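J.: Dropping in target-v3.csv, with CSV, C-alpha atoms.
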```csv
chain,number,residue,atom,x,y,z
U,1035,MET,CA,66.2,63.5,76.0
U,1036,SER,CA,64.9,63.1,79.5
U,1037,ASN,CA,63.0,65.9,81.4
U,1038,ARG,CA,66.1,66.4,83.6
U,1039,GLU,CA,68.4,66.7,80.5
U,1040,SER,CA,65.9,69.1,78.9
U,1041,LEU,CA,65.9,71.2,82.1
U,1042,ILE,CA,69.7,71.3,82.2
U,1043,ALA,CA,69.8,72.3,78.5
U,1044,ALA,CA,67.3,75.1,79.1
U,1045,ILE,CA,69.2,76.4,82.1
U,1046,THR,CA,72.4,76.3,80.1
U,1047,GLU,CA,70.9,78.2,77.2
U,1048,SER,CA,69.3,80.7,79.5
U,1049,HIS,CA,72.7,81.4,81.1
U,1050,ARG,CA,74.3,81.7,77.7
U,1051,LEU,CA,71.8,84.3,76.6
U,1052,ALA,CA,72.1,86.2,79.9
U,1053,VAL,CA,75.8,86.4,79.5
U,1054,GLU,CA,75.7,87.5,75.8
U,1055,SER,CA,73.1,90.1,76.6
U,1056,LYS,CA,75.0,91.6,79.5
U,1057,LYS,CA,75.8,95.3,78.8
U,1058,GLU,CA,78.0,96.3,81.8
U,1059,TYR,CA,81.1,94.8,83.2
U,1060,ALA,CA,83.9,96.0,85.4
U,1061,LEU,CA,87.7,96.4,85.1
U,1062,TYR,CA,89.8,96.4,88.2
U,1063,GLY,CA,86.6,96.2,90.2
U,1064,ASN,CA,85.6,99.9,89.9
U,1065,LYS,CA,86.0,100.9,86.3
U,1066,LEU,CA,82.7,100.3,84.4
U,1067,VAL,CA,82.9,98.7,81.0
U,1068,TYR,CA,79.9,99.5,78.7
U,1069,VAL,CA,79.0,97.4,75.7
U,1070,ASN,CA,77.2,99.7,73.3
U,1071,ASN,CA,77.2,97.5,70.2
U,1072,PRO,CA,77.1,93.7,70.0
U,1073,LEU,CA,80.4,91.8,70.1
U,1074,PRO,CA,81.0,88.8,67.8
U,1075,ASP,CA,79.1,85.6,68.7
U,1076,GLY,CA,80.8,83.7,71.5
U,1077,PHE,CA,83.2,86.5,72.3
U,1078,ASP,CA,84.4,86.2,75.9
U,1079,LEU,CA,84.8,89.7,77.2
U,1080,GLN,CA,85.2,88.6,80.8
U,1081,TYR,CA,88.3,86.7,79.7
U,1082,VAL,CA,89.7,89.9,78.1
U,1083,LEU,CA,89.1,92.0,81.2
U,1084,SER,CA,90.4,89.3,83.6
U,1085,THR,CA,93.6,89.0,81.6
U,1086,VAL,CA,94.2,92.7,81.7
U,1087,GLU,CA,93.7,92.7,85.4
U,1088,ASP,CA,96.1,89.7,85.8
U,1089,ARG,CA,98.9,91.1,83.7
U,1090,VAL,CA,98.9,94.9,84.0
U,1091,PRO,CA,99.3,96.6,87.4
U,1092,ARG,CA,96.1,98.5,88.2
U,1093,LEU,CA,97.8,101.9,88.8
U,1094,PHE,CA,98.8,102.1,85.2
U,1095,ALA,CA,95.1,102.5,84.5
U,1096,HIS,CA,94.6,105.1,87.3
U,1097,GLU,CA,93.6,107.7,84.8
U,1098,VAL,CA,91.0,105.5,83.1
U,1099,ASP,CA,87.5,106.2,84.4
U,1100,TYR,CA,85.6,103.8,82.1
U,1101,VAL,CA,85.7,101.7,79.0
U,1102,MET,CA,83.3,102.0,76.1
U,1103,ILE,CA,83.0,99.2,73.6
U,1104,GLY,CA,81.2,99.8,70.3
U,1105,GLN,CA,81.2,102.1,67.3
U,1106,ASN,CA,82.6,105.5,67.6
U,1107,GLU,CA,82.5,108.3,64.9
U,1108,GLU,CA,85.9,109.7,65.7
U,1109,MET,CA,87.6,106.3,65.6
U,1110,ASN,CA,85.8,105.5,62.3
U,1111,ALA,CA,87.0,108.8,60.9
U,1112,ARG,CA,90.5,108.2,62.0
U,1113,GLU,CA,90.4,104.5,60.9
U,1114,ILE,CA,91.6,103.3,64.3
U,1115,ASN,CA,90.3,100.5,66.6
U,1116,ALA,CA,90.8,102.1,69.9
U,1117,MET,CA,91.7,105.4,71.7
U,1118,PHE,CA,92.2,106.9,75.1
U,1119,LYS,CA,90.4,110.2,75.4
U,1120,ASP,CA,89.1,112.3,78.4
U,1121,GLY,CA,89.6,109.6,80.9
U,1122,ALA,CA,87.9,106.9,78.8
U,1123,ILE,CA,89.2,104.0,76.7
U,1124,TYR,CA,87.1,103.5,73.5
U,1125,VAL,CA,87.4,100.2,71.7
U,1126,THR,CA,85.6,99.0,68.7
U,1127,ASN,CA,83.2,96.0,69.0
U,1128,ASP,CA,84.4,94.8,65.6
U,1129,GLN,CA,87.1,92.4,66.8
U,1130,LYS,CA,88.6,89.3,65.2
U,1131,ASN,CA,89.0,87.6,68.6
U,1132,GLU,CA,89.7,88.2,72.2
U,1133,GLU,CA,93.4,88.7,71.7
U,1134,ASP,CA,92.8,91.6,69.4
U,1135,MET,CA,90.7,93.4,72.0
U,1136,LEU,CA,93.2,92.5,74.7
U,1137,ASP,CA,95.9,94.2,72.6
U,1138,ASP,CA,93.7,97.3,72.0
U,1139,ILE,CA,92.9,97.8,75.7
U,1140,VAL,CA,96.5,97.3,77.0
U,1141,HIS,CA,97.8,99.6,74.3
U,1142,GLU,CA,95.4,102.4,75.5
U,1143,ILE,CA,96.2,101.7,79.1
U,1144,ALA,CA,99.8,102.6,78.1
U,1145,HIS,CA,98.6,106.0,76.8
U,1146,SER,CA,96.6,106.5,80.1
U,1147,ALA,CA,99.9,105.7,82.0
U,1148,GLU,CA,101.6,108.5,80.0
U,1149,LYS,CA,99.1,111.0,81.5
U,1150,MET,CA,100.0,110.0,85.1
U,1151,PHE,CA,103.7,109.2,84.6
U,1152,GLY,CA,104.7,111.4,81.8
U,1153,ALA,CA,107.5,113.1,83.6
U,1154,GLU,CA,108.9,109.8,84.8
U,1155,ILE,CA,108.7,108.2,81.4
U,1156,TYR,CA,110.0,111.0,79.2
U,1157,GLY,CA,111.6,113.5,81.6
U,1158,ASP,CA,115.2,112.4,81.1
U,1159,SER,CA,114.8,112.0,77.3
U,1160,GLU,CA,116.3,108.5,77.3
U,1161,ILE,CA,113.4,106.9,75.5
U,1162,GLU,CA,113.3,109.8,73.0
U,1163,VAL,CA,117.0,109.4,72.2
U,1164,GLU,CA,116.5,105.6,71.8
U,1165,PHE,CA,113.5,106.3,69.5
U,1166,LEU,CA,115.2,108.8,67.3
U,1167,GLY,CA,118.2,106.6,67.0
U,1168,LYS,CA,116.0,103.9,65.6
U,1169,ARG,CA,114.2,106.4,63.3
U,1170,LYS,CA,117.6,107.5,61.9
U,1171,ARG,CA,118.6,103.8,61.3
U,1172,LEU,CA,115.4,103.2,59.4
U,1173,LEU,CA,115.9,106.3,57.4
U,1174,ASP,CA,119.3,105.0,56.3
U,1175,LEU,CA,117.8,101.7,55.4
U,1176,LEU,CA,115.1,103.4,53.3
U,1177,LYS,CA,117.6,105.7,51.6
U,1178,ALA,CA,119.7,102.7,50.6
U,1179,GLU,CA,116.6,101.2,48.9
U,1180,TYR,CA,114.7,104.2,47.6
U,1181,GLY,CA,117.3,106.9,47.2
U,1182,GLU,CA,118.2,110.0,49.1
U,1183,ASP,CA,115.0,111.9,48.8
U,1184,ILE,CA,112.4,109.4,50.2
U,1185,ARG,CA,109.7,111.6,48.7
U,1186,GLY,CA,110.8,114.6,50.8
U,1187,MET,CA,110.0,112.8,54.1
U,1188,ALA,CA,113.5,112.7,55.6
U,1189,LYS,CA,112.9,115.6,58.0
U,1190,LYS,CA,109.9,113.7,59.5
U,1191,PHE,CA,112.2,111.0,60.7
U,1192,LEU,CA,113.8,113.5,63.2
U,1193,GLU,CA,110.4,114.4,64.8
U,1194,VAL,CA,108.8,112.7,67.8
U,1195,ASP,CA,105.2,113.7,67.5
U,1196,TYR,CA,102.6,111.9,65.5
U,1197,SER,CA,102.1,113.1,61.9
U,1198,LYS,CA,99.3,111.8,59.7
U,1199,GLU,CA,101.4,112.6,56.7
U,1200,PHE,CA,104.3,110.5,58.0
U,1201,ASP,CA,102.0,107.7,59.1
U,1202,GLU,CA,100.4,107.5,55.6
U,1203,PHE,CA,103.9,107.6,54.0
U,1204,LEU,CA,104.8,104.5,56.1
U,1205,TYR,CA,101.5,102.7,55.6
U,1206,LYS,CA,100.9,103.5,51.9
U,1207,ALA,CA,104.2,104.4,50.3
U,1208,ILE,CA,106.4,101.7,52.0
U,1209,GLY,CA,103.8,99.4,53.5
U,1210,TYR,CA,103.7,97.8,57.0
U,1211,PRO,CA,104.5,94.3,55.7
U,1212,LYS,CA,107.8,95.5,54.2
U,1213,LEU,CA,108.5,97.7,57.2
U,1214,THR,CA,108.0,94.7,59.5
U,1215,MET,CA,110.8,92.9,57.7
U,1216,MET,CA,113.1,95.9,57.5
U,1217,THR,CA,112.7,96.7,61.2
U,1218,LEU,CA,113.0,93.3,62.8
U,1219,GLY,CA,115.0,93.8,66.0
U,1220,LEU,CA,114.5,97.6,65.7
U,1221,PHE,CA,110.9,98.2,66.5
U,1222,VAL,CA,108.3,96.0,68.2
U,1223,SER,CA,105.9,96.7,65.3
U,1224,PRO,CA,105.7,99.2,62.4
U,1225,TYR,CA,103.2,101.3,64.3
U,1226,GLY,CA,105.8,102.0,66.9
U,1227,ILE,CA,107.6,104.0,64.2
U,1228,THR,CA,104.9,106.6,63.9
U,1229,SER,CA,105.6,108.6,67.1
U,1230,LEU,CA,107.5,108.6,70.4
U,1231,ARG,CA,104.2,107.9,72.2
U,1232,GLU,CA,103.4,104.9,70.0
U,1233,TYR,CA,106.9,103.6,70.4
U,1234,PHE,CA,106.4,103.6,74.2
U,1235,ALA,CA,102.9,102.1,73.9
U,1236,ASN,CA,104.0,99.3,71.6
U,1237,GLY,CA,106.8,98.4,74.1
U,1238,PHE,CA,104.4,98.6,77.0
U,1239,GLU,CA,101.9,96.2,75.1
U,1240,GLU,CA,104.7,93.7,74.3
U,1241,TYR,CA,106.1,93.9,77.9
U,1242,PHE,CA,102.8,92.8,79.4
U,1243,LEU,CA,101.3,90.6,76.6
U,1244,GLY,CA,104.2,89.4,74.6
U,1245,ASP,CA,107.9,88.7,75.0
U,1246,ILE,CA,109.3,90.8,77.8
U,1247,GLY,CA,112.8,89.6,76.8
U,1248,TYR,CA,112.3,91.0,73.3
U,1249,VAL,CA,111.4,94.4,74.8
U,1250,ARG,CA,114.5,94.3,76.9
U,1251,LYS,CA,116.6,93.5,73.9
U,1252,ILE,CA,115.4,96.0,71.3
U,1253,SER,CA,113.9,98.8,73.4
U,1254,PRO,CA,116.0,98.7,76.6
U,1255,LYS,CA,115.1,102.2,77.7
U,1256,VAL,CA,111.4,101.4,77.5
U,1257,TYR,CA,112.0,98.2,79.4
U,1258,LEU,CA,113.9,100.0,82.1
U,1259,LYS,CA,111.3,102.7,82.5
U,1260,ILE,CA,108.4,100.2,82.9
U,1261,ASN,CA,110.5,98.3,85.4
U,1262,GLU,CA,111.2,101.4,87.4
U,1263,LEU,CA,107.5,102.3,87.6
U,1264,ILE,CA,106.6,98.8,88.6
U,1265,ASN,CA,109.2,98.7,91.3
U,1266,SER,CA,108.6,102.3,92.6
U,1267,ASP,CA,106.7,103.1,95.7
U,1268,THR,CA,103.8,104.5,93.6
U,1269,ILE,CA,102.8,101.1,92.1
U,1270,GLU,CA,100.4,99.1,94.2
U,1271,SER,CA,100.1,95.3,93.9
```
If you took the structure in this file and wrote it as structure tokens, what would it be?
T.:
Amino acid sequence: MSNRESLIAAITESHRLAVESKKEYALYGNKLVYVNNPLPDGFDLQYVLSTVEDRVPRLFAHEVDYVMIGQNEEMNAREINAMFKDGAIYVTNDQKNEEDMLDDIVHEIAHSAEKMFGAEIYGDSEIEVEFLGKRKRLLDLLKAEYGEDIRGMAKKFLEVDYSKEFDEFLYKAIGYPKLTMMTLGLFVSPYGITSLREYFANGFEEYFLGDIGYVRKISPKVYLKINELINSDTIES
């Protein structure tokens, strides 16, 4: 290797180390992103942040003050990968790949959007009616397979708020793989079954990162609400 090639290699390696050791980034230009614990080797965080900016209108993240990436006691206790709390998005650094973190951040932006646009999203109850209709359909499917009782959980299908008991019933008693098959064309993902808010957030995530036509087909009220917000005077480009 020539001296010139050695110099180029050294500069390239120095740049790589500088990028990997970087602790602070920005989202939408003014929301600081802190990396508190190391990300996987070669993880491209800038790609994740740039993709969020490109796909999700910034005003949906109006209520987000900053993003914290790393280990979090509350998330560990709740066995979740991300959460929106007190103006911050918290995301684990334990990620399989960039797409996993992208899903996490956009999902939590959906929850931040609920804080700003809650009245617009839920005020006319159209999404709630759509959600409960799907819950009732799922209940009928489960009754047909498991019997009328469903371990005493039938009443939970008529509620809209998150219930840890109901979530564990879905996850442990039925299992998400089976629920995925049973709810094709009904819910974007099994986690959208767990509450009205998660139903909206799952639709939001799929709208901006997945198949927008699929959201329009299976969750038309969620699709229309997001469209209304995007096209309203409050959304800035």
J.: Within 12 Å of (85.2, 83.9, 73.7), only C-alpha atoms: residues as number ranges by chain?
T.: U: 1050, 1053-1054, 1073-1083, 1129-1136
J.: For those residues, write C-alpha atoms to a file as a PDB file, in the frame of the given file.
T.:
```pdb
ATOM      1  CA  ARG U1050      74.300  81.700  77.700  1.00  0.00           C
ATOM      2  CA  VAL U1053      75.800  86.400  79.500  1.00  0.00           C
ATOM      3  CA  GLU U1054      75.700  87.500  75.800  1.00  0.00           C
ATOM      4  CA  LEU U1073      80.400  91.800  70.100  1.00  0.00           C
ATOM      5  CA  PRO U1074      81.000  88.800  67.800  1.00  0.00           C
ATOM      6  CA  ASP U1075      79.100  85.600  68.700  1.00  0.00           C
ATOM      7  CA  GLY U1076      80.800  83.700  71.500  1.00  0.00           C
ATOM      8  CA  PHE U1077      83.200  86.500  72.300  1.00  0.00           C
ATOM      9  CA  ASP U1078      84.400  86.200  75.900  1.00  0.00           C
ATOM     10  CA  LEU U1079      84.800  89.700  77.200  1.00  0.00           C
ATOM     11  CA  GLN U1080      85.200  88.600  80.800  1.00  0.00           C
ATOM     12  CA  TYR U1081      88.300  86.700  79.700  1.00  0.00           C
ATOM     13  CA  VAL U1082      89.700  89.900  78.100  1.00  0.00           C
ATOM     14  CA  LEU U1083      89.100  92.000  81.200  1.00  0.00           C
ATOM     15  CA  GLN U1129      87.100  92.400  66.800  1.00  0.00           C
ATOM     16  CA  LYS U1130      88.600  89.300  65.200  1.00  0.00           C
ATOM     17  CA  ASN U1131      89.000  87.600  68.600  1.00  0.00           C
ATOM     18  CA  GLU U1132      89.700  88.200  72.200  1.00  0.00           C
ATOM     19  CA  GLU U1133      93.400  88.700  71.700  1.00  0.00           C
ATOM     20  CA  ASP U1134      92.800  91.600  69.400  1.00  0.00           C
ATOM     21  CA  MET U1135      90.700  93.400  72.000  1.00  0.00           C
ATOM     22  CA  LEU U1136      93.200  92.500  74.700  1.00  0.00           C
TER      23      LEU U1136
END
```
J.: Using only C-alpha atoms, which residues sit within 10 Å of U:Leu1258 once same-chain residues fewer than 6 positions away are excluded, as a list in words?
T.: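 Neighbouring residues, sequence-local ones excluded: Ile1155, Ile1161, Val1249, Arg1250 and Ile1264 of chain U.
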J.: Using all atoms listed in the file, what does the table of stretch 1139-1243 of chain U residues within 10 Å of stretch 1091-1095 of chain U look like, with each row giving the shortest atom pair and its distance in Å to one decimal, sorted by chain and ascending number, as a tab-separated table?
T.:
```
residue	atom	partner	partner_atom	distance
U:Val1140	CA	U:Ala1095	CA	9.2
U:Glu1142	CA	U:Ala1095	CA	9.0
U:Ile1143	CA	U:Ala1095	CA	5.6
U:Ala1144	CA	U:Phe1094	CA	7.2
U:His1145	CA	U:Ala1095	CA	9.2
U:Ser1146	CA	U:Ala1095	CA	6.1
U:Ala1147	CA	U:Phe1094	CA	4.9
U:Glu1148	CA	U:Phe1094	CA	8.7
U:Lys1149	CA	U:Phe1094	CA	9.6
U:Met1150	CA	U:Phe1094	CA	8.0
U:Phe1151	CA	U:Phe1094	CA	8.6
U:Phe1242	CA	U:Pro1091	CA	9.5
```
J.: Compile the contact shell of U:Ile1252 as an MDAnalysis selection string: residues with an atom at most 7 Å away, counting only C-alpha atoms, same-chain residues fewer than 4 positions apart removed.
T.: chainID U and resid 1219:1221 1248
J.: At a cut-off of 10 Å, using only C-alpha atoms, what residues contact stretch 1195-1198 of chain U? Leave out same-chain residues fewer than 5 positions from it and give the result as a PyMOL selection string.
T.: chain U and resi 1112+1190+1203-1204+1227-1232
J.: Of the candidates U:Lys1255, U:Lys1212, U:Lys1057, U:Lys1065, which one gets nearest to U:Phe1165 if we count only C-alpha atoms?
T.: U:Lys1255
